[in-house]
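Undergrad: final_33.cif is reproduced in full below (mmCIF, C-alpha atoms (C1' of nucleotides)).
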```
data_data
loop_
_atom_site.label_atom_id
_atom_site.label_comp_id
_atom_site.auth_asym_id
_atom_site.auth_seq_id
_atom_site.Cartn_x
_atom_site.Cartn_y
_atom_site.Cartn_z
CA MET A 1 0.00 0.00 0.00
CA GLY A 2 2.39 2.71 -1.17
CA LYS A 3 1.61 6.39 -1.04
CA GLU A 4 3.72 7.29 -4.06
CA ILE A 5 0.95 8.21 -6.46
CA VAL A 6 -1.39 9.57 -3.83
CA GLY A 7 0.90 11.87 -1.87
CA MET A 8 -0.75 11.02 1.43
CA ASP A 9 -0.27 8.24 3.95
CA ASP A 10 -2.77 6.61 6.29
CA GLY A 11 -1.58 8.70 9.23
CA GLN A 12 -2.23 12.02 7.55
CA ALA A 13 -5.57 10.76 6.26
CA VAL A 14 -6.64 9.83 9.79
CA GLU A 15 -5.71 13.33 10.97
CA ILE A 16 -7.94 14.73 8.24
CA PHE A 17 -10.77 12.39 9.21
CA LYS A 18 -10.45 13.68 12.78
CA ALA A 19 -10.50 17.28 11.60
CA LEU A 20 -13.67 16.58 9.64
CA SER A 21 -15.44 14.61 12.35
CA ASN A 22 -17.20 17.79 13.43
CA GLN A 23 -20.05 19.40 11.58
CA THR A 24 -18.91 22.96 12.14
CA ARG A 25 -15.42 22.31 10.80
CA VAL A 26 -16.87 20.65 7.71
CA ARG A 27 -19.13 23.64 7.24
CA ILE A 28 -16.18 26.04 7.48
CA LEU A 29 -14.31 24.12 4.81
CA GLN A 30 -17.37 24.16 2.59
CA MET A 31 -17.93 27.89 2.97
CA LEU A 32 -14.29 28.55 2.13
CA ARG A 33 -14.97 27.02 -1.29
CA GLU A 34 -16.92 30.13 -2.23
CA PRO A 35 -15.70 33.00 -0.10
CA ALA A 36 -17.51 35.58 -2.23
CA VAL A 37 -20.81 33.82 -1.56
CA TYR A 38 -20.49 33.26 2.15
CA PHE A 39 -18.39 36.20 3.35
CA SER A 40 -18.18 39.89 2.75
CA PRO A 41 -15.21 41.10 0.73
CA GLN A 42 -11.90 40.95 2.58
CA ILE A 43 -11.09 44.59 2.00
CA HIS A 44 -7.72 44.48 3.74
CA ILE A 45 -6.25 41.85 1.44
CA THR A 46 -4.51 43.27 -1.61
CA LYS A 47 -3.42 41.59 -4.83
CA GLU A 48 0.19 41.75 -3.64
CA ASP A 49 -0.60 39.68 -0.58
CA GLY A 50 -1.01 36.71 -2.85
CA PHE A 51 -3.66 35.19 -0.66
CA ASP A 52 -6.80 35.27 -2.75
CA GLY A 53 -9.74 33.52 -1.20
CA GLY A 54 -8.51 34.02 2.34
CA VAL A 55 -11.08 34.95 4.97
CA CYS A 56 -10.31 36.46 8.37
CA VAL A 57 -11.17 34.67 11.60
CA SER A 58 -13.81 37.07 12.80
CA ASP A 59 -15.77 36.79 9.56
CA ILE A 60 -15.67 33.02 9.84
CA ARG A 61 -16.74 33.25 13.45
CA SER A 62 -19.76 35.37 12.59
CA LYS A 63 -21.02 32.64 10.26
CA THR A 64 -20.53 29.71 12.62
CA GLY A 65 -22.21 30.82 15.82
CA ILE A 66 -19.39 29.52 17.99
CA SER A 67 -17.12 31.54 20.23
CA GLN A 68 -14.02 33.37 19.13
CA SER A 69 -11.70 30.97 20.93
CA THR A 70 -13.41 27.91 19.51
CA THR A 71 -13.30 29.37 16.03
CA SER A 72 -9.59 29.99 16.38
CA GLN A 73 -9.01 26.46 17.60
CA TYR A 74 -11.12 24.89 14.88
CA LEU A 75 -9.17 26.77 12.25
CA SER A 76 -5.95 25.63 13.87
CA ILE A 77 -7.14 22.01 13.73
CA LEU A 78 -8.03 22.39 10.07
CA GLN A 79 -4.66 23.94 9.39
CA GLN A 80 -2.68 21.28 11.22
CA SER A 81 -4.45 18.62 9.22
CA GLY A 82 -3.32 20.44 6.07
CA LEU A 83 -6.82 21.16 4.78
CA VAL A 84 -6.37 24.92 5.03
CA GLU A 85 -3.47 27.32 5.02
CA MET A 86 -3.17 30.63 6.82
CA LYS A 87 -1.42 33.94 6.47
CA ARG A 88 -1.18 36.76 8.90
CA ILE A 89 -1.62 40.14 7.26
CA GLY A 90 -1.58 43.12 9.54
CA GLN A 91 -3.81 42.43 12.48
CA TRP A 92 -5.83 39.82 10.68
CA THR A 93 -5.19 36.14 10.11
CA TYR A 94 -6.62 34.82 6.89
CA TYR A 95 -7.49 31.23 6.19
CA ARG A 96 -8.16 29.60 2.86
CA ARG A 97 -8.44 26.08 1.53
CA ASN A 98 -5.32 24.15 0.62
CA GLU A 99 -6.59 22.66 -2.59
CA GLU A 100 -3.47 20.58 -3.08
CA THR A 101 -4.00 18.68 0.17
CA ILE A 102 -7.69 18.33 -0.55
CA LYS A 103 -6.91 16.82 -3.94
CA GLN A 104 -4.47 14.39 -2.36
CA PHE A 105 -7.12 13.48 0.17
CA GLU A 106 -9.63 12.81 -2.59
CA ARG A 107 -7.13 10.60 -4.34
CA TYR A 108 -6.46 8.79 -1.09
CA ILE A 109 -10.17 8.11 -0.63
CA GLY A 110 -10.48 6.93 -4.20
CA SER A 111 -7.53 4.58 -4.14
CA HIS A 112 -6.80 3.62 -0.53
CA LEU A 113 -10.17 3.40 1.12
CA MET B 28 -26.03 22.39 -1.11
CA GLY B 29 -28.37 19.59 -2.11
CA LYS B 30 -27.61 15.93 -1.72
CA GLU B 31 -29.67 14.82 -4.70
CA ILE B 32 -26.85 13.69 -6.98
CA VAL B 33 -24.59 12.54 -4.21
CA GLY B 34 -26.91 10.40 -2.09
CA MET B 35 -25.32 11.52 1.15
CA ASP B 36 -25.85 14.51 3.42
CA ASP B 37 -23.40 16.33 5.67
CA GLY B 38 -24.63 14.51 8.75
CA GLN B 39 -23.95 11.06 7.37
CA ALA B 40 -20.60 12.19 6.04
CA VAL B 41 -19.59 13.41 9.51
CA GLU B 42 -20.55 10.02 10.95
CA ILE B 43 -18.27 8.39 8.40
CA PHE B 44 -15.45 10.81 9.24
CA LYS B 45 -15.84 9.83 12.89
CA ALA B 46 -15.77 6.14 12.03
CA LEU B 47 -12.57 6.67 10.07
CA SER B 48 -10.84 8.86 12.63
CA ASN B 49 -9.11 5.80 14.01
CA GLN B 50 -6.20 4.04 12.37
CA THR B 51 -7.38 0.53 13.21
CA ARG B 52 -10.82 1.07 11.75
CA VAL B 53 -9.33 2.47 8.56
CA ARG B 54 -7.07 -0.55 8.38
CA ILE B 55 -10.02 -2.93 8.77
CA LEU B 56 -11.86 -1.25 5.92
CA GLN B 57 -8.75 -1.46 3.77
CA MET B 58 -8.20 -5.14 4.46
CA LEU B 59 -11.82 -5.88 3.61
CA ARG B 60 -11.08 -4.65 0.10
CA GLU B 61 -9.12 -7.81 -0.55
CA PRO B 62 -10.37 -10.49 1.79
CA ALA B 63 -8.52 -13.23 -0.08
CA VAL B 64 -5.24 -11.43 0.47
CA TYR B 65 -5.61 -10.55 4.14
CA PHE B 66 -7.75 -13.38 5.52
CA SER B 67 -7.95 -17.12 5.24
CA PRO B 68 -10.89 -18.48 3.26
CA GLN B 69 -14.22 -18.20 5.03
CA ILE B 70 -15.05 -21.87 4.73
CA HIS B 71 -18.44 -21.62 6.40
CA ILE B 72 -19.87 -19.19 3.87
CA THR B 73 -21.59 -20.87 0.94
CA LYS B 74 -22.63 -19.44 -2.41
CA GLU B 75 -26.25 -19.48 -1.28
CA ASP B 76 -25.51 -17.19 1.64
CA GLY B 77 -25.04 -14.40 -0.88
CA PHE B 78 -22.42 -12.71 1.23
CA ASP B 79 -19.24 -12.96 -0.81
CA GLY B 80 -16.32 -11.09 0.63
CA GLY B 81 -17.61 -11.30 4.18
CA VAL B 82 -15.08 -12.01 6.92
CA CYS B 83 -15.91 -13.23 10.41
CA VAL B 84 -15.12 -11.19 13.50
CA SER B 85 -12.47 -13.48 14.92
CA ASP B 86 -10.47 -13.47 11.69
CA ILE B 87 -10.57 -9.68 11.67
CA ARG B 88 -9.57 -9.61 15.29
CA SER B 89 -6.54 -11.79 14.68
CA LYS B 90 -5.23 -9.25 12.16
CA THR B 91 -5.74 -6.16 14.27
CA GLY B 92 -4.11 -6.98 17.59
CA ILE B 93 -6.97 -5.52 19.59
CA SER B 94 -9.28 -7.36 21.95
CA GLN B 95 -12.37 -9.28 20.93
CA SER B 96 -14.72 -6.75 22.50
CA THR B 97 -13.00 -3.79 20.86
CA THR B 98 -13.04 -5.55 17.51
CA SER B 99 -16.76 -6.14 17.86
CA GLN B 100 -17.36 -2.51 18.78
CA TYR B 101 -15.21 -1.17 15.97
CA LEU B 102 -17.11 -3.27 13.47
CA SER B 103 -20.35 -1.99 14.93
CA ILE B 104 -19.17 1.59 14.50
CA LEU B 105 -18.21 0.92 10.90
CA GLN B 106 -21.57 -0.70 10.29
CA GLN B 107 -23.59 2.11 11.86
CA SER B 108 -21.78 4.60 9.66
CA GLY B 109 -22.84 2.53 6.67
CA LEU B 110 -19.33 1.70 5.50
CA VAL B 111 -19.78 -2.03 6.05
CA GLU B 112 -22.70 -4.42 6.22
CA MET B 113 -23.01 -7.57 8.27
CA LYS B 114 -24.76 -10.88 8.17
CA ARG B 115 -25.06 -13.49 10.83
CA ILE B 116 -24.59 -17.01 9.47
CA GLY B 117 -24.69 -19.77 12.00
CA GLN B 118 -22.47 -18.84 14.88
CA TRP B 119 -20.43 -16.39 12.90
CA THR B 120 -21.06 -12.78 12.03
CA TYR B 121 -19.56 -11.73 8.75
CA TYR B 122 -18.69 -8.21 7.77
CA ARG B 123 -17.95 -6.88 4.31
CA ARG B 124 -17.65 -3.47 2.71
CA ASN B 125 -20.76 -1.63 1.59
CA GLU B 126 -19.42 -0.42 -1.73
CA GLU B 127 -22.53 1.62 -2.44
CA THR B 128 -22.06 3.78 0.65
CA ILE B 129 -18.36 4.07 -0.03
CA LYS B 130 -19.07 5.28 -3.56
CA GLN B 131 -21.53 7.83 -2.24
CA PHE B 132 -18.94 8.97 0.25
CA GLU B 133 -16.38 9.39 -2.52
CA ARG B 134 -18.85 11.45 -4.50
CA TYR B 135 -19.57 13.53 -1.43
CA ILE B 136 -15.88 14.24 -0.95
CA GLY B 137 -15.50 15.11 -4.60
CA SER B 138 -18.45 17.47 -4.80
CA HIS B 139 -19.24 18.73 -1.31
CA LEU B 140 -15.91 19.09 0.39
"C1'" DT C 10 -30.00 -30.66 27.30
"C1'" DT C 11 -25.32 -29.74 28.13
"C1'" DT C 12 -21.26 -27.91 26.30
"C1'" DA C 13 -18.14 -25.22 23.53
"C1'" DG C 14 -17.17 -21.62 20.51
"C1'" DA C 15 -18.35 -17.01 18.34
"C1'" DT C 16 -19.94 -12.62 19.04
"C1'" DA C 17 -22.19 -8.87 21.60
"C1'" DT C 18 -22.92 -6.18 25.52
"C1'" DC C 19 -21.74 -4.30 30.11
"C1'" DG C 20 -19.09 -1.73 33.38
"C1'" DA C 21 -15.00 0.66 34.31
"C1'" DT C 22 -11.09 3.70 33.80
"C1'" DA C 23 -8.04 6.53 31.02
"C1'" DT C 24 -7.68 9.61 27.41
"C1'" DT C 25 -9.40 12.85 24.15
"C1'" DT C 26 -12.58 16.21 22.43
"C1'" DC C 27 -15.83 20.04 22.97
"C1'" DT C 28 -16.61 24.52 24.23
"C1'" DC C 29 -16.46 28.30 26.89
"C1'" DG C 30 -14.69 32.65 29.31
"C1'" DA C 31 -10.55 34.82 30.70
"C1'" DT C 32 -6.23 36.30 29.57
"C1'" DA C 33 -2.15 37.02 26.67
"C1'" DT C 34 -0.03 38.62 22.45
"C1'" DA C 35 0.35 41.03 18.15
"C1'" DT C 36 -0.59 44.88 15.22
"C1'" DG C 37 -2.15 49.34 13.63
"C1'" DA C 38 -3.91 53.81 14.94
"C1'" DA C 39 -3.99 57.89 17.73
"C1'" DT D 14 3.54 55.25 24.24
"C1'" DT D 15 -1.16 54.17 24.83
"C1'" DC D 16 -5.29 52.33 23.13
"C1'" DA D 17 -8.32 49.47 20.47
"C1'" DT D 18 -9.01 45.55 17.68
"C1'" DA D 19 -7.87 40.84 15.98
"C1'" DT D 20 -6.34 36.51 17.09
"C1'" DA D 21 -4.18 32.92 19.95
"C1'" DT D 22 -3.55 30.47 24.08
"C1'" DC D 23 -4.77 28.91 28.76
"C1'" DG D 24 -7.49 26.56 32.16
"C1'" DA D 25 -11.53 24.16 33.21
"C1'" DG D 26 -15.67 21.23 33.33
"C1'" DA D 27 -18.64 18.34 30.58
"C1'" DA D 28 -19.14 15.06 27.19
"C1'" DA D 29 -17.44 11.61 24.10
"C1'" DT D 30 -14.15 8.04 22.77
"C1'" DA D 31 -10.77 4.22 23.51
"C1'" DT D 32 -10.02 -0.02 25.29
"C1'" DC D 33 -10.08 -3.63 28.31
"C1'" DG D 34 -11.82 -7.86 31.00
"C1'" DA D 35 -15.91 -10.03 32.50
"C1'" DT D 36 -20.19 -11.67 31.41
"C1'" DA D 37 -24.27 -12.56 28.60
"C1'" DT D 38 -26.34 -14.40 24.43
"C1'" DC D 39 -26.64 -17.10 20.43
"C1'" DT D 40 -25.79 -21.15 17.69
"C1'" DA D 41 -24.11 -25.75 16.54
"C1'" DA D 42 -22.57 -30.03 18.07
"C1'" DA D 43 -22.44 -33.85 21.18
#
```
Take the structure in the file and write it out as structure tokens.

TA:
Amino acid sequence: MGKEIVGMDDGQAVEIFKALSNQTRVRILQMLREPAVYFSPQIHITKEDGFDGGVCVSDIRSKTGISQSTTSQYLSILQQSGLVEMKRIGQWTYYRRNEETIKQFERYIGSHL
Amino acid sequence: MGKEIVGMDDGQAVEIFKALSNQTRVRILQMLREPAVYFSPQIHITKEDGFDGGVCVSDIRSKTGISQSTTSQYLSILQQSGLVEMKRIGQWTYYRRNEETIKQFERYIGSHL
DNA sequence: TTTAGATATCGATATTTCTCGATATATGAA
DNA sequence: TTCATATATCGAGAAATATCGATATCTAAA
């Protein structure tokens, strides 16, 4: 059961399963697919930041109904699993999907599950 | 975010993520892909039972290194999530993959994640 | 019907996760 | 520097999960 073609091993996949074993975290990942639909424009991000699609923590919080600290921790869990990436810009931290990891995860599901 | 084409909603997907957020349970599902490779022949299953690919609990246990009770519970978790189906035949309970659910789950990942 | 084997369930303890409010840290503005 | 805002981290209690051994149940065989 090699990981060569998939780019992901069982251990990382299990970490992703854990990250997704919570409805709110799944919902966050889904909303980040279409930031323009679910969030107001991130006016402090510029083209030069190179972080298109990123959404700040407080905007995510306002859509989830959970506390600020929980939102921060959920995003950290998603990030540690590799599903999202983050960038601090000024006083905001932006999160966006890591499509590369998500693709690898899809391939893992398709070929190793 | 309709489930019409996918056949699976967010709630069921989260239950599957929970079931898979454990290395041993993932491993069981993987081994059940190729029963002939990972298990000895299930000599008590006949063609008429209509449960090809099923493996009995004790054979699964002997490959996992966990206790009998934990094996039974893990299989129950996998079954309740829909990933496997079971059939009692005589004194044995056989488990095999539910490929239909797994396909739906793959489609969910591909289109809803 | 008694016995033996296969599996499920129960009860318990240890660990992990959930979720919050409080507090700390970082950054930009005044 | 001081203040305000954004985010992260800490500490805690409640709930859920992991995992076991012991016991119960179910089935086939004797």

Undergrad: Per residue of chain C within 8 Å of chain A, note the shortest atom pair and the distance in Å to one decimal, counting all atoms listed in the file, and order the rows by chain and increasing residue number, as JSON lines.

TA:
```
{"residue": "C:DT28", "atom": "C1'", "partner": "A:Thr70", "partner_atom": "CA", "distance": 6.6}
{"residue": "C:DC29", "atom": "C1'", "partner": "A:Ser67", "partner_atom": "CA", "distance": 7.4}
{"residue": "C:DA35", "atom": "C1'", "partner": "A:Gln91", "partner_atom": "CA", "distance": 7.2}
{"residue": "C:DT36", "atom": "C1'", "partner": "A:Gln91", "partner_atom": "CA", "distance": 4.9}
{"residue": "C:DG37", "atom": "C1'", "partner": "A:Gln91", "partner_atom": "CA", "distance": 7.2}
```

Undergrad: Can you tell me which residues surround DA42 of chain D at a distance of at most 10 Å, considering only C-alpha atoms (C1' of nucleotides), apart from same-chain residues fewer than 2 positions away, and format the answer as a list in words?

TA: DT12 and DA13 of chain C; DT40 of chain D

Undergrad: Enter the distance from atom CA of Ile104 of chain B to atom C1' of DA37 of chain D, in Å, rounded to one decimal.

TA: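 Going from atom CA of Ile104 of chain B over to atom C1' of DA37 of chain D, I get 20.6 Å.
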
Undergrad: Taking all atoms listed in the file into account, name the residue in B:Glu42, B:Asp76, B:Asp36, B:Glu112 that is nearest to chain A.

TA: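 Checking each of B:Glu42, B:Asp76, B:Asp36, B:Glu112 against chain A, counting all atoms listed in the file, the winner is B:Glu42.
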
Undergrad: Starting from the PyMOL selection byres ((chain A) within 9 of (chain B)), expand the selection into actual residues of this file and give them as a VMD selection string.

TA: chain A and resid 10 to 11 13 to 23 26 to 27 29 to 30 33 102 to 103 105 to 106 109 to 110 112 to 113

Undergrad: Atom CA of Ile72 of chain B to atom CA of Ser111 of chain A: how many Å, to one decimal?

TA: 28.0 Å

Undergrad: Find the distance between atom C1' of DA21 of chain D and atom CA of Thr71 of chain A and write it in Å to one decimal.

TA: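 Going from atom C1' of DA21 of chain D over to atom CA of Thr71 of chain A covers 10.5 Å.
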
Undergrad: Run the PyMOL selection byres ((chain D) within 12 of (chain B)) against the file shown and list the residues it catches, as a list in words.

TA: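 Matching residues under the PyMOL selection byres ((chain D) within 12 of (chain B)) are DA29, DT30, DA31, DT32, DC33, DG34, DA35, DT36, DT38, DC39, DT40, DA41 and DA42 of chain D.
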
Undergrad: In the coordinates of the file, take the point (-6.0, 33.8, 7.3) and a cut-off of 7 Å; then, counting only C-alpha atoms (C1' of nucleotides), name each qualifying protein, DNA or RNA residue as a list of chain:residue names.

TA: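 With a cut-off of 7 Å, the residues come to A:Gly54, A:Val55, A:Cys56, A:Val57, A:Met86, A:Lys87, A:Arg88, A:Trp92, A:Thr93, A:Tyr94, A:Tyr95, A:Arg96.
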
Undergrad: Please evaluate the PyMOL selection byres ((chain D and resi 27) around 9) against the structure above and give the resulting residues as a list in words.

TA: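 Here the PyMOL selection byres ((chain D and resi 27) around 9) matches DC27 of chain C; DG26 and DA28 of chain D.
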
Undergrad: Could you give me, as a PyMOL selection string, the residues that have an atom at most 8 Å away from the point (-21.8, -5.2, 24.6) in the coordinates of the file, using only C-alpha atoms (C1' of nucleotides)?

TA: (chain B and resi 96+100) or (chain C and resi 17-19)

Undergrad: Hey, could you pull the box centre and edge lengths for segment 22-41 of chain D, axis-aligned, 8 Å padding per side, all listed atoms, to one decimal in Å, as lines of an AutoDock Vina configuration file?

TA:
```
center_x = -15.1
center_y = 2.4
center_z = 24.9
size_x = 39.1
size_y = 72.2
size_z = 32.8
```

Undergrad: Determine the nearest neighbour of DA15 of chain C from the options B:Ser85, B:Thr73, B:Thr91, B:Met35, counting all atoms listed in the file.

TA: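 Ranking B:Ser85, B:Thr73, B:Thr91, B:Met35 by distance to DA15 of chain C, first place goes to B:Ser85.
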